[in-house]
Structures are given as C-alpha cells and as structure tokens.
Amino acid sequence: MSTPTERNPSTAHAEVLVDELVRVGVRHVVVSPGSRSTALALAVAARDELTVHVRHDERSVGFVALGVGRVTGIPAAVVTTSGTAVANLAPAVVEADAAGVPLLLLTADRPVELHEVGANQTIRQADLFGERLRWAMHLPAPGGHAGEPATWRTTVDRAVAAATGIAGSGSSGTGGPAGPVHLDVAFREPTVPGLDDGRSRTEAYPHPATGRAGGRPWTTWSTPPAEVDVSDLAARLAGRRVLVVAGDGPRPIGGLATLGERGWPVVAEPTAGPRHGVGLTHGTALLGAGGWLSGDARPDVVLRLGRPTLARPVHHDLADVETIQVTTSGVVDPSRAATSAVVADPDAVVIGLLAAAPEPPPPGWTAAWTRAADVATGLVEEVLGSGDAAASAPAVMGSVAVAAGSRPLVVASSLPIRDLDAWVARTDARVHANRGVAGIDGFTSTAVGVAVASGPTVAVAGDLSFLHDHNGLLVDDPATVPLTLVVVDNDGGGLFHHVPAVRTAGFERLFATPHGRDLVTVAAATGVEAASVAPGDLSAAVTRSDGGLRVLVVRTDRHADAAVRGDLARELAVRLGD
C-alpha cells in the first residue's frame with residue numbers, strides 16, 4: 001500500500017476496497033485498461049494474494065470472471081473504467097444472474113459533479129443492470145469524512161456475501177441466490193499515487209484506513225446450514241413410478257447415481273452431476289423418442305431437480321404428469337405445469353430422500369428404462385462407430401469427451417452441448433456450460449476463466465461460438481493458460497438445421513450464416529498455438545495435456561451432421577417401439 005504522505009483520496013479509496021477484497025477471500029481479479037480505474041488497477045496489482053488477469057475487451061473480462069466464479073464458487077472481481085466499458089459487462093451479468101454464478105463488478109465512475117453535464121466517458125452507470133443484480137451500491141468519491149473507510153470495507157463485505165448468495169436483496173434469477181453484484185465507485189483525479197499528477201492537485205487523505213487486526217474482514221456474513229425436511233415429499237413419492245430429471249444449477253447435484261440404484265430412473269443433463277453419464281445413458285434422447293413415453297415407461301411423477309434446459313420434452317410431452325420442481329429459486333416452470341415447487345438446494349433434497357428411503361417403485365419400472373438406455377447405447381455405438389458418421393460432429397464430441405479424461409470440460413451452447421447430452425454416453429470430466437440463458441456469448445473467455453481457476457481444461461465450441469468471442473484468446477501469456485480448445489468447424493450455424501427456420505427461404509444467408517474463414521489462421525493471429533486436426537486424429541491430440549492455450553480445428557459437414565442426428569433420433573424411436 002502507498003505511504004500516507006502520497007495517499008490521495010482516490011488511492012486510499014482503492015487500496016481499502018482491494019484490501020477488504022483480500023480479507024474476505026477474493027483471489028482472482030480481471031482487469032481491463034482504463035484511466036478512471038487507474039487507482040483500482042494499481043491497488044490490485046500491488047497485492048501478492050491476488051491473481052490478476054488483464055484483458056483488452058470488457059465483454060471478455062466479464063466472462064473470464066464468470067468462468068472463475070463457476071469453478072470456485074467465489075466471485076472474481078472485475079475492474080473496468082467508466083462509460084461503455086461498463087455496458088460491455090451486460091452479457092456476463094445476464095448469464096451470472098440466470099445461472100446463479102457469483103460475479104463482482106467494480107466499475108470506476110466519474111464523481112457527481114461530472115454527471116449530467118456532458119462530461120466525457122460519463123453515463124448513468126450506477127443503475128445500468130437493474131433487476132439482474134443481487135445487490136448494488138454506488139460509492140461516491142471520497143469526501144474526507146472520518147467514517148468513510150469503514151463504509152468502504154463493510155460495502156465490500158456485503159457485496160461478496162451477496163454475490164455468493166448470503167446477503168442479496170435483489171432478484172434471484174433462475175439459477176438461485178448467488179449471482180452478480182455491482183459496486184459503482186467514483187474517483188476524482190489524481191487517480192495515480194501522489195498529490196499532483198501534472199494536471200490535478202489534491203490534499204493527502206486525512207484519516208487512518210487500516211482494517212481489523214489479524215487480516216479479518218470488517219464484517220463477517222454467514223448463514224446457518226439449511227435443513228430440508230423431506231418427510232412429506234418422501235411420503236408423496238413412496239411406491240410410485242418416479243422419473244428424476246436433473247438439470248443445470250450453480251453446483252453439481254450429489255446422490256443422483258444412488259437415486260437410480262434405489263429404483264428411480266435418472267435423466268441427468270451434462271452439467272447436473274459431478275460428471276456427464278450419471279444416471280441413464282442418452283437419457284435426454286430417450287425423452288424425445290417418439291411415442292415411447294406413452295406406454296409402460298410413462299411416470300406417475302416427474303421430480304425435476306435444478307433447471308432442465310436440454311431435456312425439453314419434460315416440459316412438453318410430460319406436462320400432464322404430476323411434476324414436483326426443486327430449485328433454489330422456485331421460478332423454473334416454463335410449461336406452467338408444475339404441481340408443486342420446493343424452494344431448496346436440490347443437493348440437500350436428494351440427500352434427504354436417500355436418508356428417508358421411501359418405498360421403491362413397482363418391480364419392472366426401472367428395468368424398462370434401463371433396457372431403453374441399453375438400446376440407445378447400442379444404436380449410438382453402431383451408428384457413430386463406423387462409416388461417414390464416425391467423422392460427424394456427434395462423434396467428434398464423443399471423442400473429445402473421452403479424451404478429456406478427468407480434466408474439466410467446458411462445452412458451448414447450441415449443438416456441442418446437445419450432442420454431448422443426447423449422443424455421448426459418459427465422460428469422467430466435470431462439465432461446465434453457460435446454460436443460464438444458453439447463449440454463445442463469451443464462450444472462449446468463460447473457458448479461459450475455468451482453466452485459470454482449475455488447471456488443465458478442455459473446451460469444445462462450434463465455429464460461430466468461436467468467432468463470436470475469438471478475442472478471448474488475447475490472454476496475457478498463452479503459455480500460462482492450460483486450455484485445449486476444440487473448434488468444430490462446419491462453416492455455419494448447424495443448430496438451425498434442427499429448427500423450423502430450415503424450411504424458410506434464405507435459410508443459408510439468414511440463419512446458417514456460413515463464414516468461409518480459415519479458423520486456424522484466425523486463432524494463430526492472436527498468438528496461440530493452432531492446428532487443423534482430422535476427426536480420426538483428434539482423440540490423440542486432445543489427450544496431450546501439456547502446454548498452454550491451443551486451438552484444434554476439426555472440420556465437419558453441417559448437412560451431413562444434421563442427417564446423422566436425424567437418423568439417430570428416428571432409429572431410436574423405431575427400436576424402442578419394437
């Protein structure tokens with residue numbers, strides 16, 4: 001920290017905020033360059049306890065921080081200058097809100113006397129993100145009052161508590177109580193240490209700014225562990241044919257495999273459990289397999305855990321079945337069909353149900369689903385294991401999932417996550433994906449954030465996801481980012497081959513949007529290792545876990561990929577109907 005003789009008000013303000021961040025447990029800060037945020041950037045860089053990531057693009061900054069928060073459960077702090085820099089954080093705020101991921105924004109602002117007078121780089125940013133936030137506070141520029149440092153410190157403590165879901169007072173999105181928090185911090189010049197920067201002069205900050213002894217936070221926020229009483233729920237489910245559908249959430253849901261062993265079939269999306277493949281293999285494909293669900297496989301009750309975003313038939317084909325949803329937010333029911341909503345941590349509910357040991361379902365219920373999963377597994381192995389389909393996008397996703405081993409696997413929205421969900425049996429990796437609002441925005445940056453927080457990581461993106469955020473490759477030092485990014489290049493938006501738009505005039509230009517770019521060249525231009533890899537060589541290339549940030553581009557045929565997925569879905573419906 002700077003010495004008292006050179007500590008101007010802005011320097012004191014920034015150093016206290018950053019010191020309290022360290023005390024409350026923040027360890028990653030993502031910074032974009034700017035003038036008004038100078039004091040914050042210098043204060044962050046001076047702390048050895050912090051890992052500082054610098055990015056040119058504020059949108060990338062937000063998603064790197066999102067990736068860190070997704071892995072660690074602790075918010076990474078974002079530092080930006082004022083004006084449009086703050087507006088560029090909006091996509092990450094939207095995703096953090098919907099996904100329940102902790103995120104802390106520290107945006108520098110102009111002081112009050114420069115607002116509403118046409119001052120440069122000045123907008124009304126204090127309320128820019130509205131109801132998406134768990135909490136927000138505008139901290140005015142220091143005024144010299146003796147109690148200011150305590151205000152700054154308690155504000156940081158509450159901000160981190162709100163971001164982690166303890167002390168929030170805003171909306172809870174669909175992902176739960178954790179989420180984005182915004183501290184809008186005003187600074188007057190000078191924003192560099194010293195009392196005279198050559199164009200502005202000030203007096204030294206007059207008050208002590210030290211924190212509590214022993215490195216303790218100024219205010220400690222905590223909440224007692226929630227005890228979930230599931231006795232009524234267990235009695236309601238006893239002896240009935242229960243289908244468990246587990247969706248996305250801020251944390252993996254434990255105990256899913258054991259629920260399956262107790263006789264309740266479990267369809268788990270890739271991000272639901274500690275790894276993809278917990279529960280029934282190809283479970284989501286089974287849900288969409290034609291009229292199969294109208295017979296003996298139809299459940300008496302659907303227990304929805306978390307937020308299913310891929311298992312869409314559960315919201316439509318099973319909308320008339322008694323449905324119990326369990327989420328931390330209580331607002332996940334797009335079909336408006338839930339019979340009851342339990343606002344609780346799905347993990348705690350599963351643990352409670354396992355302890356309660358309700359009466360198992362009728363004999364044969366689980367066996368019917370297990371047989372169907374075996375049929376699906378055999379079909380996928382048969383189709384994707386040979387011929388032209390072995391070079392298709394679903395087969396590529398399977399190769400990467402296996403080759404990733406136990407490394408974290410970050411998967412882009414649109415088709416990669418759908419291929420993993422429907423047509424890949426399992427992976428030992430913990431899967432991460434931005435399923436809050438299921439957008440492709442900021443994917444590369446999110447994957448980088450996961451990698452810097454958790455170590456060697458594998459990611460899979462489509463070509464449009466990659467192009468949308470190829471700025472995310474502009475990292476401080478590619479050698480220090482342990483990420484292998486596989487880009488499935490089919491020259492356009494393959495997802496649109498599976499929606500009604502495929503039948504419209506102008507489909508290629510308006511929806512498929514072929515780009516015609518050499519993605520190896522695009523990646524190499526950012527200074528990272530990049531190579532084109534044939535589908536048959538991809539597994540070996542991904543298995544290599546040494547080195548830093550690298551991009552592997554594998555080409556597939558968009559039209560052939562769509563045909564393979566269609567053939568798999570149709571044949572599965574036929575075989576289950578036999």
# chains A, B, ... in the order shown; residues from 1 in each chain; ligands from 1
>>> select_by_dssp(residues="range 28-238 of chain A", states="strand (DSSP E)", output="JSON, numbers by chain")
{"A": [28, 29, 30, 31, 51, 52, 53, 54, 77, 78, 79, 80, 103, 104, 105, 106, 107, 108, 109, 135, 136, 137, 138, 139, 180, 181, 182, 183, 184, 185, 186]}
>>> residues_around(residues="Glu269 in chain A", least_positions_apart="6", cutoff="7 Å", atoms="only C-alpha atoms", output="list of chain:residue names")
A:Ala246, A:Gly247, A:Asp248, A:Leu310, A:Asp421
>>> closest_residue(among="A:Val574, A:His145, A:Gly67, A:Pro362", to="Val410 in chain A", atoms="only C-alpha atoms")
A:Gly67
>>> closest_atom_pairs(of="range 281-357 of chain A", to="range 172-182 of chain A", cutoff="7 Å", atoms="only C-alpha atoms", output="Markdown table")
| residue | atom | partner | partner_atom | distance |
| --- | --- | --- | --- | --- |
| A:Thr328 | CA | A:Gly176 | CA | 4.8 |
| A:Ser329 | CA | A:Gly176 | CA | 4.6 |
| A:Val331 | CA | A:Thr174 | CA | 6.0 |
| A:Val332 | CA | A:Thr174 | CA | 6.3 |
>>> write_last_selection(atoms="C-alpha atoms", output="compact mmCIF listing (two decimals), in the first residue's frame")
# COMPACT_ATOMS: atom_id res chain seq x y z
CA THR A 328 -33.08 -22.73 -5.11
CA SER A 329 -35.09 -20.02 -6.85
CA VAL A 331 -39.13 -19.98 -10.66
CA VAL A 332 -38.31 -22.78 -13.12
>>> closest_residue(among="A:Ala356, A:Ala98, A:Leu568, A:Val278", to="Ala257 in chain A", atoms="only C-alpha atoms")
A:Val278
>>> residues_around(residues="range 114-123 of chain A", least_positions_apart="4", cutoff="7 Å", atoms="only C-alpha atoms", output="list in words")
Ser82, Gly83 and Arg110 of chain A
>>> residues_around(residues="range 538-554 of chain A", least_positions_apart="4", cutoff="6 Å", atoms="only C-alpha atoms", output="PyMOL selection string")
chain A and resi 399+403+478-489+528-534
>>> residues_around(residues="Gly462 in chain A", least_positions_apart="6", cutoff="10 Å", atoms="only C-alpha atoms", output="PyMOL selection string")
chain A and resi 393+411-417+440+486-495+553-554
>>> write_last_selection(atoms="C-alpha atoms", output="compact mmCIF listing (two decimals), in the first residue's frame")
# COMPACT_ATOMS: atom_id res chain seq x y z
CA ALA A 393 -19.98 -33.64 -35.09
CA VAL A 411 -18.94 -27.01 -23.72
CA ALA A 412 -20.52 -24.26 -25.81
CA SER A 413 -24.25 -23.79 -26.22
CA SER A 414 -26.07 -24.63 -29.45
CA LEU A 415 -25.05 -28.03 -30.82
CA PRO A 416 -21.92 -29.12 -28.86
CA ILE A 417 -23.81 -29.31 -25.55
CA ILE A 440 -22.86 -18.45 -27.25
CA VAL A 486 -11.53 -27.76 -29.91
CA VAL A 487 -13.47 -25.87 -32.58
CA VAL A 488 -15.94 -27.91 -34.65
CA ASP A 489 -15.94 -26.01 -37.94
CA ASN A 490 -18.92 -26.79 -40.16
CA ASP A 491 -18.96 -23.33 -41.73
CA GLY A 492 -22.11 -22.01 -40.12
CA GLY A 493 -24.88 -22.47 -37.59
CA GLY A 494 -25.68 -26.16 -37.58
CA LEU A 495 -28.31 -25.74 -34.86
CA VAL A 553 -9.88 -27.05 -35.53
CA VAL A 554 -11.73 -30.10 -36.85
>>> residues_around(residues="Ala162 in chain A", least_positions_apart="2", cutoff="7 Å", atoms="only C-alpha atoms", output="CSV table (one decimal) with C-alpha atoms, in the first residue's frame")
chain,number,residue,atom,x,y,z
A,134,ARG,CA,-28.4,-9.4,-6.3
A,135,TRP,CA,-27.2,-6.1,-4.8
A,158,ARG,CA,-21.7,-7.3,1.9
A,159,ALA,CA,-21.0,-7.3,-1.8
A,160,VAL,CA,-19.1,-10.6,-1.7
A,164,THR,CA,-22.3,-15.8,-3.0
A,165,GLY,CA,-26.0,-15.8,-2.1
A,166,ILE,CA,-25.8,-14.9,1.6
A,167,ALA,CA,-26.8,-11.3,1.8
A,168,GLY,CA,-28.5,-10.4,-1.5
A,178,ALA,CA,-25.8,-16.4,-5.9
A,181,VAL,CA,-23.2,-7.6,-7.7
>>> residues_around(residues="Ala14 in chain A", least_positions_apart="5", cutoff="9 Å", atoms="only C-alpha atoms", output="MDAnalysis selection string")
chainID A and resid 9 19 39:44 185 187
>>> closest_residue(among="A:Ala438, A:Ala367, A:Val228, A:Val431", to="Ala272 in chain A", atoms="only C-alpha atoms")
A:Val431
>>> closest_residue(among="A:Ala234, A:Ala389, A:Ala433, A:Ala76", to="Gly536 in chain A", atoms="only C-alpha atoms")
A:Ala389
>>> closest_residue(among="A:Thr202, A:Thr284, A:Ser386, A:Asn471", to="Arg188 in chain A", atoms="only C-alpha atoms")
A:Thr202
>>> select_by_dssp(residues="range 36-236 of chain A", states="helix (DSSP H, G or I)", output="number ranges by chain")
A: 38-45, 58-72, 84-87, 90-99, 112-114, 130-132, 148-163, 213-215, 231-236
